[in-house]
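Q: Below is one structure. I have some questions about it.
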Amino acid sequence: MLPAGHGDCLWMQYGEGASTSRVLIDCGTTSTYAWLQERVAQLPTSARDFELFILSHIDADHIGGAIPFFADRALGVRFADVWFNGYKHLASTRLGAKQGEIFSTLIQKNKLPWNLWRKGGAIVLAGEGLPTCTLPGGLQLTLLSPSPDKLATLASKWETEIKALDLTPGKAEDFEKFLGRTVSKSTNVEALADAKFTPDTAAPNGSSIAVLAEYRGKSALLGADAHAPLLVASIRKLLKQRGVKKLRLDAFKVSHHASQNNLNVELMRLLDCRNYLISTNGDHFNHPDREAIGRVIHYGGEQPRLWFNYRTALNEVWEQPKLQTKYRYETVYPKPGQQGLIVRL
């Protein structure tokens with residue numbers, strides 16, 4: 001988990017030695033670009049190949065670093081495929097997100113493969129089954145989000161909001177909504193876990209590409225900022241297909257940086273997982289929410305382990321030994337001087 005500000009930047013490697021393969025998911029905020037440069041520079045120029053890049057959705061804390069990263073051709077990075085739902089993949093024909101338009105232009109300008117897996121079409125759920133993609137080297141990805149209606153909602157909502165500002169869709173400056181809400185100070189895990197759940201309704205988050213990654217018996221749920229009810233529906237469908245009651249995971253990258261509105265008890269009860277990855281420095285939205293952490297601790301199985309890619313005033317409360325002893329969980333933070341966090345499965 002690279003230091004991605006209040007966003008995500010996940011660098012995944014699987015395989016060994018010369019057969020090591022790589023997948024990059026999101027590029028965090030604009031400042032994350034510098035960390036990506038540094039990480040890429042550690043690879044020989046002949047080995048800067050990625051099987052896949054996934055830009056989960058168009059929020060600034062996921063796409064911000066992607067624009068300068070993809071514009072920097074001097075890095076010599078090569079991608080076998082790029083998954084991104086741009087304006088042409090939405091139910092509507094227009095998308096007003098400036099950064100989304102810029103990123104689409106970079107894909108085309110650099111002649112990169114775009115949604116090659118779907119023959120150029122949208123990365124989206126369709127029909128009853130859950131589509132799967134096996135990458136070179138054997139990593140299997142099962143698509144869990146988005147659904148067609150989530151993409152349609154994004155298209156309609158974005159166009160309406162931009163026009164309300166007397167601007168033309170496709171040319172407006174990107175902006176963020178700041179949520180005015182009370183931040184919990186409680187450490188009562190039971191009360192936090194069962195606090196009222198209000199589902200996230202933000203259209204960009206709902207359009208997130210979320211996948212289950214599986215390789216040689218290891219599995220990770222990469223939730224992006226996906227809406228919890230859709231993840232619940234997709235996972236239930238997957239469990240039915242596989243004839244099991246719970247989805248066994250080695251890691252869950254918790255959706256939307258552990259927002260209380262993207263992690264519900266229903267989702268937690270479908271998972272059999274030990275490691276929970278929280279990617280955020282807490283800027284802007286005060287993530288992780290204590291309610292979400294409470295749900296992980298209370299419903300996350302025996303001795304859940306929380307991985308934070310930053311140590312912040314918002315998350316260090318969970319390091320307290322008395323809380324860990326009382327509620328039976330563990331925490332992992334970057335060591336002093338360490339940037340980001342490496343999770344080995």
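The way I read the labels, and the way they are meant: chains A, B, ... in the order of the structure tokens, residue 1 as the first residue of every chain, and ligand 1 as the first ligand shown, with later ones counted on from there.
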Please report, as a PyMOL selection string, each residue of range 139-305 of chain A to which DSSP assigns helix (DSSP H, G or I) when run on this structure's backbone.
A: chain A and resi 148-164+189-193+203-206+228-242+255-257+265-268+290-299
Q: Using only C-alpha atoms, what table do you get, as a tab-separated table, when you list each residue of range 197-232 of chain A with an atom no more than 12 Å from range 37-55 of chain A, its nearest pair of atoms, and their distance in Å rounded to one decimal, rows by chain then rising number?
A:
residue	atom	partner	partner_atom	distance
A:Pro204	CA	A:Leu55	CA	12.0
A:Ser207	CA	A:Leu55	CA	10.9
A:Ser208	CA	A:Leu55	CA	8.5
A:Ile209	CA	A:Leu55	CA	7.6
A:Ala210	CA	A:Ile54	CA	9.4
A:Val211	CA	A:Ile54	CA	9.9
A:Leu222	CA	A:Ile54	CA	10.9
A:Ala224	CA	A:Leu55	CA	9.4
A:Asp225	CA	A:Leu55	CA	11.4
Q: Using only C-alpha atoms, which of the listed residues (A:Phe84, A:Phe103, A:Tyr310, A:Tyr299) sits closest to Gln339 in chain A?
A: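 Closest candidate: A:Tyr310.
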Q: Need the shell around Glu128 in chain A: protein/DNA/RNA residues with any atom at most 12 Å away, counting only C-alpha atoms. Skip same-chain ones fewer than 2 positions apart. Format as a list of chain:residue names?
A: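 So, after excluding close chain neighbours, the residues are A:Leu125, A:Ala126, A:Leu130, A:Pro131, A:Leu144, A:Ser147, A:Ala233, A:Ser234, A:Arg236, A:Lys237, A:Leu238, A:Lys240, A:Gln241.
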Q: Write the selection just made, keeping C-alpha atoms, as a short mmCIF file (atom, residue, chain, number, x, y, z; two decimals), in the first residue's frame?
A:
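Output below, filename part12.cif:
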data_model
loop_
_atom_site.label_atom_id
_atom_site.label_comp_id
_atom_site.auth_asym_id
_atom_site.auth_seq_id
_atom_site.Cartn_x
_atom_site.Cartn_y
_atom_site.Cartn_z
CA LEU A 125 -21.31 -6.87 -14.25
CA ALA A 126 -23.69 -8.41 -16.76
CA LEU A 130 -19.68 -12.95 -12.13
CA PRO A 131 -17.11 -12.46 -14.92
CA LEU A 144 -17.75 -7.74 -8.05
CA SER A 147 -23.28 -2.90 -12.04
CA ALA A 233 -25.05 -9.08 -3.57
CA SER A 234 -22.03 -10.09 -5.66
CA ARG A 236 -23.64 -13.90 -2.11
CA LYS A 237 -23.84 -14.83 -5.77
CA LEU A 238 -20.24 -16.06 -5.66
CA LYS A 240 -23.83 -19.76 -4.11
CA GLN A 241 -21.74 -20.59 -7.18
#
Q: Fewer than 2 positions away in the same chain doesn't count, so skip those; otherwise give me all residues within 7 Å of Leu2 in chain A, counting only C-alpha atoms, as a PyMOL selection string.
A: chain A and resi 4+9-10+340-341
Q: Those residues you just picked out, can you put them in a file as a compact mmCIF listing (two decimals), in the first residue's frame with C-alpha atoms?
A:
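File written: out_32.txt
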# COMPACT_ATOMS: atom_id res chain seq x y z
CA ALA A 4 -1.44 7.68 -1.38
CA CYS A 9 -2.45 3.11 -4.61
CA LEU A 10 -1.99 -0.66 -4.48
CA GLY A 340 3.63 2.96 2.94
CA LEU A 341 3.25 -0.66 3.97
Q: For CA of Asp8 in chain A and CA of Leu323 in chain A, quote the distance in Å rounded to one decimal.
A: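 Pair CA of Asp8 in chain A / CA of Leu323 in chain A returns 27.3 Å.
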Q: Using only C-alpha atoms, which of A:Asp26, A:Ala220, A:Ala258, A:Lys322 sits nearest Asp272 in chain A?
A: A:Ala220
Q: Find the spatial neighbours of Thr312 in chain A, counting only C-alpha atoms, within a cut-off of 10 Å - ignore same-chain residues fewer than 6 positions away - and output them as a list in words.
A: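 Once the adjacent positions are removed, what remains is Thr280, Asn281, Gly282, Asp283, His287, Pro288 and Tyr333 of chain A.
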Q: Keeping only N, CA and C atoms, write the selected residues as a PDB file, in the first residue's frame.
A:
ATOM      1  N   THR A 280      -5.277   5.209   3.905  1.00  0.00           N
ATOM      2  CA  THR A 280      -5.631   6.633   3.992  1.00  0.00           C
ATOM      3  C   THR A 280      -4.740   7.341   5.004  1.00  0.00           C
ATOM      4  N   ASN A 281      -4.505   8.631   4.759  1.00  0.00           N
ATOM      5  CA  ASN A 281      -3.816   9.446   5.769  1.00  0.00           C
ATOM      6  C   ASN A 281      -4.801  10.290   6.564  1.00  0.00           C
ATOM      7  N   GLY A 282      -6.096  10.115   6.290  1.00  0.00           N
ATOM      8  CA  GLY A 282      -7.128  10.784   7.073  1.00  0.00           C
ATOM      9  C   GLY A 282      -7.502  12.181   6.612  1.00  0.00           C
ATOM     10  N   ASP A 283      -6.839  12.703   5.592  1.00  0.00           N
ATOM     11  CA  ASP A 283      -7.141  14.061   5.133  1.00  0.00           C
ATOM     12  C   ASP A 283      -8.563  14.159   4.581  1.00  0.00           C
ATOM     13  N   HIS A 287     -11.106   9.726   7.683  1.00  0.00           N
ATOM     14  CA  HIS A 287     -11.110   8.264   7.672  1.00  0.00           C
ATOM     15  C   HIS A 287      -9.825   7.745   8.320  1.00  0.00           C
ATOM     16  N   PRO A 288      -9.880   6.561   8.945  1.00  0.00           N
ATOM     17  CA  PRO A 288     -11.011   5.642   9.005  1.00  0.00           C
ATOM     18  C   PRO A 288     -12.025   6.031  10.080  1.00  0.00           C
ATOM     19  N   TYR A 333       1.415  -0.831  11.735  1.00  0.00           N
ATOM     20  CA  TYR A 333       1.645   0.510  11.197  1.00  0.00           C
ATOM     21  C   TYR A 333       3.007   0.541  10.509  1.00  0.00           C
TER      22      TYR A 333
END
Q: Among range 109-298 of chain A, which residues does DSSP mark as strand (DSSP E or B) when it is run on the backbone? Keep the chain and numbering as in the structure and answer as a ChimeraX atom specification.
A: /A:114,132-134,140-145,210-215,218-222,247-249,251-253,271-273,275-278
Q: Hey, can you spit out that residue selection with C-alpha atoms as a PDB file, in the first residue's frame?
A:
ATOM      1  CA  TRP A 114      -8.109  -0.055 -22.997  1.00  0.00           C
ATOM      2  CA  THR A 132     -13.576 -13.703 -14.254  1.00  0.00           C
ATOM      3  CA  CYS A 133     -10.267 -12.820 -15.855  1.00  0.00           C
ATOM      4  CA  THR A 134      -7.068 -14.870 -15.488  1.00  0.00           C
ATOM      5  CA  GLN A 140      -7.559 -14.765 -11.235  1.00  0.00           C
ATOM      6  CA  LEU A 141      -9.750 -11.689 -10.851  1.00  0.00           C
ATOM      7  CA  THR A 142     -13.487 -11.967 -10.214  1.00  0.00           C
ATOM      8  CA  LEU A 143     -15.435  -8.784 -10.906  1.00  0.00           C
ATOM      9  CA  LEU A 144     -17.755  -7.738  -8.046  1.00  0.00           C
ATOM     10  CA  SER A 145     -18.546  -4.117  -8.980  1.00  0.00           C
ATOM     11  CA  ALA A 210     -13.904  -3.920  -7.259  1.00  0.00           C
ATOM     12  CA  VAL A 211     -12.375  -7.378  -7.704  1.00  0.00           C
ATOM     13  CA  LEU A 212     -11.571 -10.586  -5.889  1.00  0.00           C
ATOM     14  CA  ALA A 213      -7.943 -11.498  -6.686  1.00  0.00           C
ATOM     15  CA  GLU A 214      -6.914 -15.153  -6.302  1.00  0.00           C
ATOM     16  CA  TYR A 215      -3.535 -16.789  -6.825  1.00  0.00           C
ATOM     17  CA  LYS A 218      -4.297 -16.909  -1.679  1.00  0.00           C
ATOM     18  CA  SER A 219      -7.097 -14.380  -2.078  1.00  0.00           C
ATOM     19  CA  ALA A 220      -7.652 -10.665  -1.572  1.00  0.00           C
ATOM     20  CA  LEU A 221     -10.828  -8.611  -1.866  1.00  0.00           C
ATOM     21  CA  LEU A 222      -9.945  -5.197  -3.318  1.00  0.00           C
ATOM     22  CA  LEU A 247     -15.769 -16.122   1.388  1.00  0.00           C
ATOM     23  CA  ARG A 248     -12.346 -17.079   2.693  1.00  0.00           C
ATOM     24  CA  LEU A 249      -9.872 -14.233   2.264  1.00  0.00           C
ATOM     25  CA  ALA A 251      -6.816  -9.877   2.949  1.00  0.00           C
ATOM     26  CA  PHE A 252      -9.594  -7.331   2.464  1.00  0.00           C
ATOM     27  CA  LYS A 253      -8.667  -3.832   1.283  1.00  0.00           C
ATOM     28  CA  LEU A 271     -16.239 -12.934   5.042  1.00  0.00           C
ATOM     29  CA  ASP A 272     -13.725 -15.249   6.679  1.00  0.00           C
ATOM     30  CA  CYS A 273     -10.699 -12.970   6.841  1.00  0.00           C
ATOM     31  CA  ASN A 275      -6.126  -9.167   7.516  1.00  0.00           C
ATOM     32  CA  TYR A 276      -7.900  -5.852   6.897  1.00  0.00           C
ATOM     33  CA  LEU A 277      -6.053  -3.172   4.898  1.00  0.00           C
ATOM     34  CA  ILE A 278      -6.917   0.492   5.447  1.00  0.00           C
TER      35      ILE A 278
END
Q: Identify which of the residues A:Gln13, A:Gln338, A:Ser56, A:Gln99 lies closest to His256 in chain A, counting only C-alpha atoms when measuring atom-to-atom distances.
A: A:Ser56
Q: Under the rule that only C-alpha atoms are counted, which of A:Ala155, A:Ala313, A:Val296, A:Leu135 is the nearest residue to Gly86 in chain A?
A: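 Under the stated criterion, the closest residue is A:Ala155.
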Q: Please list as number ranges by chain every residue within 10 Å of Phe69 in chain A, counting only C-alpha atoms and excluding residues in the same chain fewer than 5 positions away.
A: A: 27, 30, 32-34, 36-37, 63-64, 74-75, 77
Q: Save out the residues we just selected, C-alpha atoms, as an mmCIF file, in the first residue's frame.
A:
data_model
loop_
_atom_site.group_PDB
_atom_site.id
_atom_site.type_symbol
_atom_site.label_atom_id
_atom_site.label_comp_id
_atom_site.auth_asym_id
_atom_site.auth_seq_id
_atom_site.Cartn_x
_atom_site.Cartn_y
_atom_site.Cartn_z
ATOM 1 C CA CYS A 27 -2.601 6.038 -8.162
ATOM 2 C CA THR A 30 -1.463 13.894 -7.252
ATOM 3 C CA THR A 32 1.438 9.931 -4.956
ATOM 4 C CA TYR A 33 3.055 10.298 -8.365
ATOM 5 C CA ALA A 34 6.437 10.944 -6.703
ATOM 6 C CA LEU A 36 5.289 5.780 -7.891
ATOM 7 C CA GLN A 37 8.292 7.265 -9.671
ATOM 8 C CA ILE A 63 -7.097 9.208 -10.296
ATOM 9 C CA GLY A 64 -5.025 12.238 -9.190
ATOM 10 C CA ALA A 74 10.223 8.478 -19.582
ATOM 11 C CA LEU A 75 9.429 5.960 -16.843
ATOM 12 C CA VAL A 77 6.240 1.548 -17.841
#
Q: Quick one, how far is CA of Arg274 in chain A from CA of Lys196 in chain A?
A: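 These two atoms are separated by 24.3 Å.
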Q: Using only C-alpha atoms, find the one residue out of A:His57, A:Ile342, A:His298, A:Asp194 that sits nearest to Gly206 in chain A.
A: A:His57
Q: Which residue, A:Val254, A:Leu151, A:Ile293, A:Ile107, has the smallest gap to Glu190 in chain A when you use only C-alpha atoms?
A: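 Smallest distance to Glu190 in chain A is found for A:Ile293.
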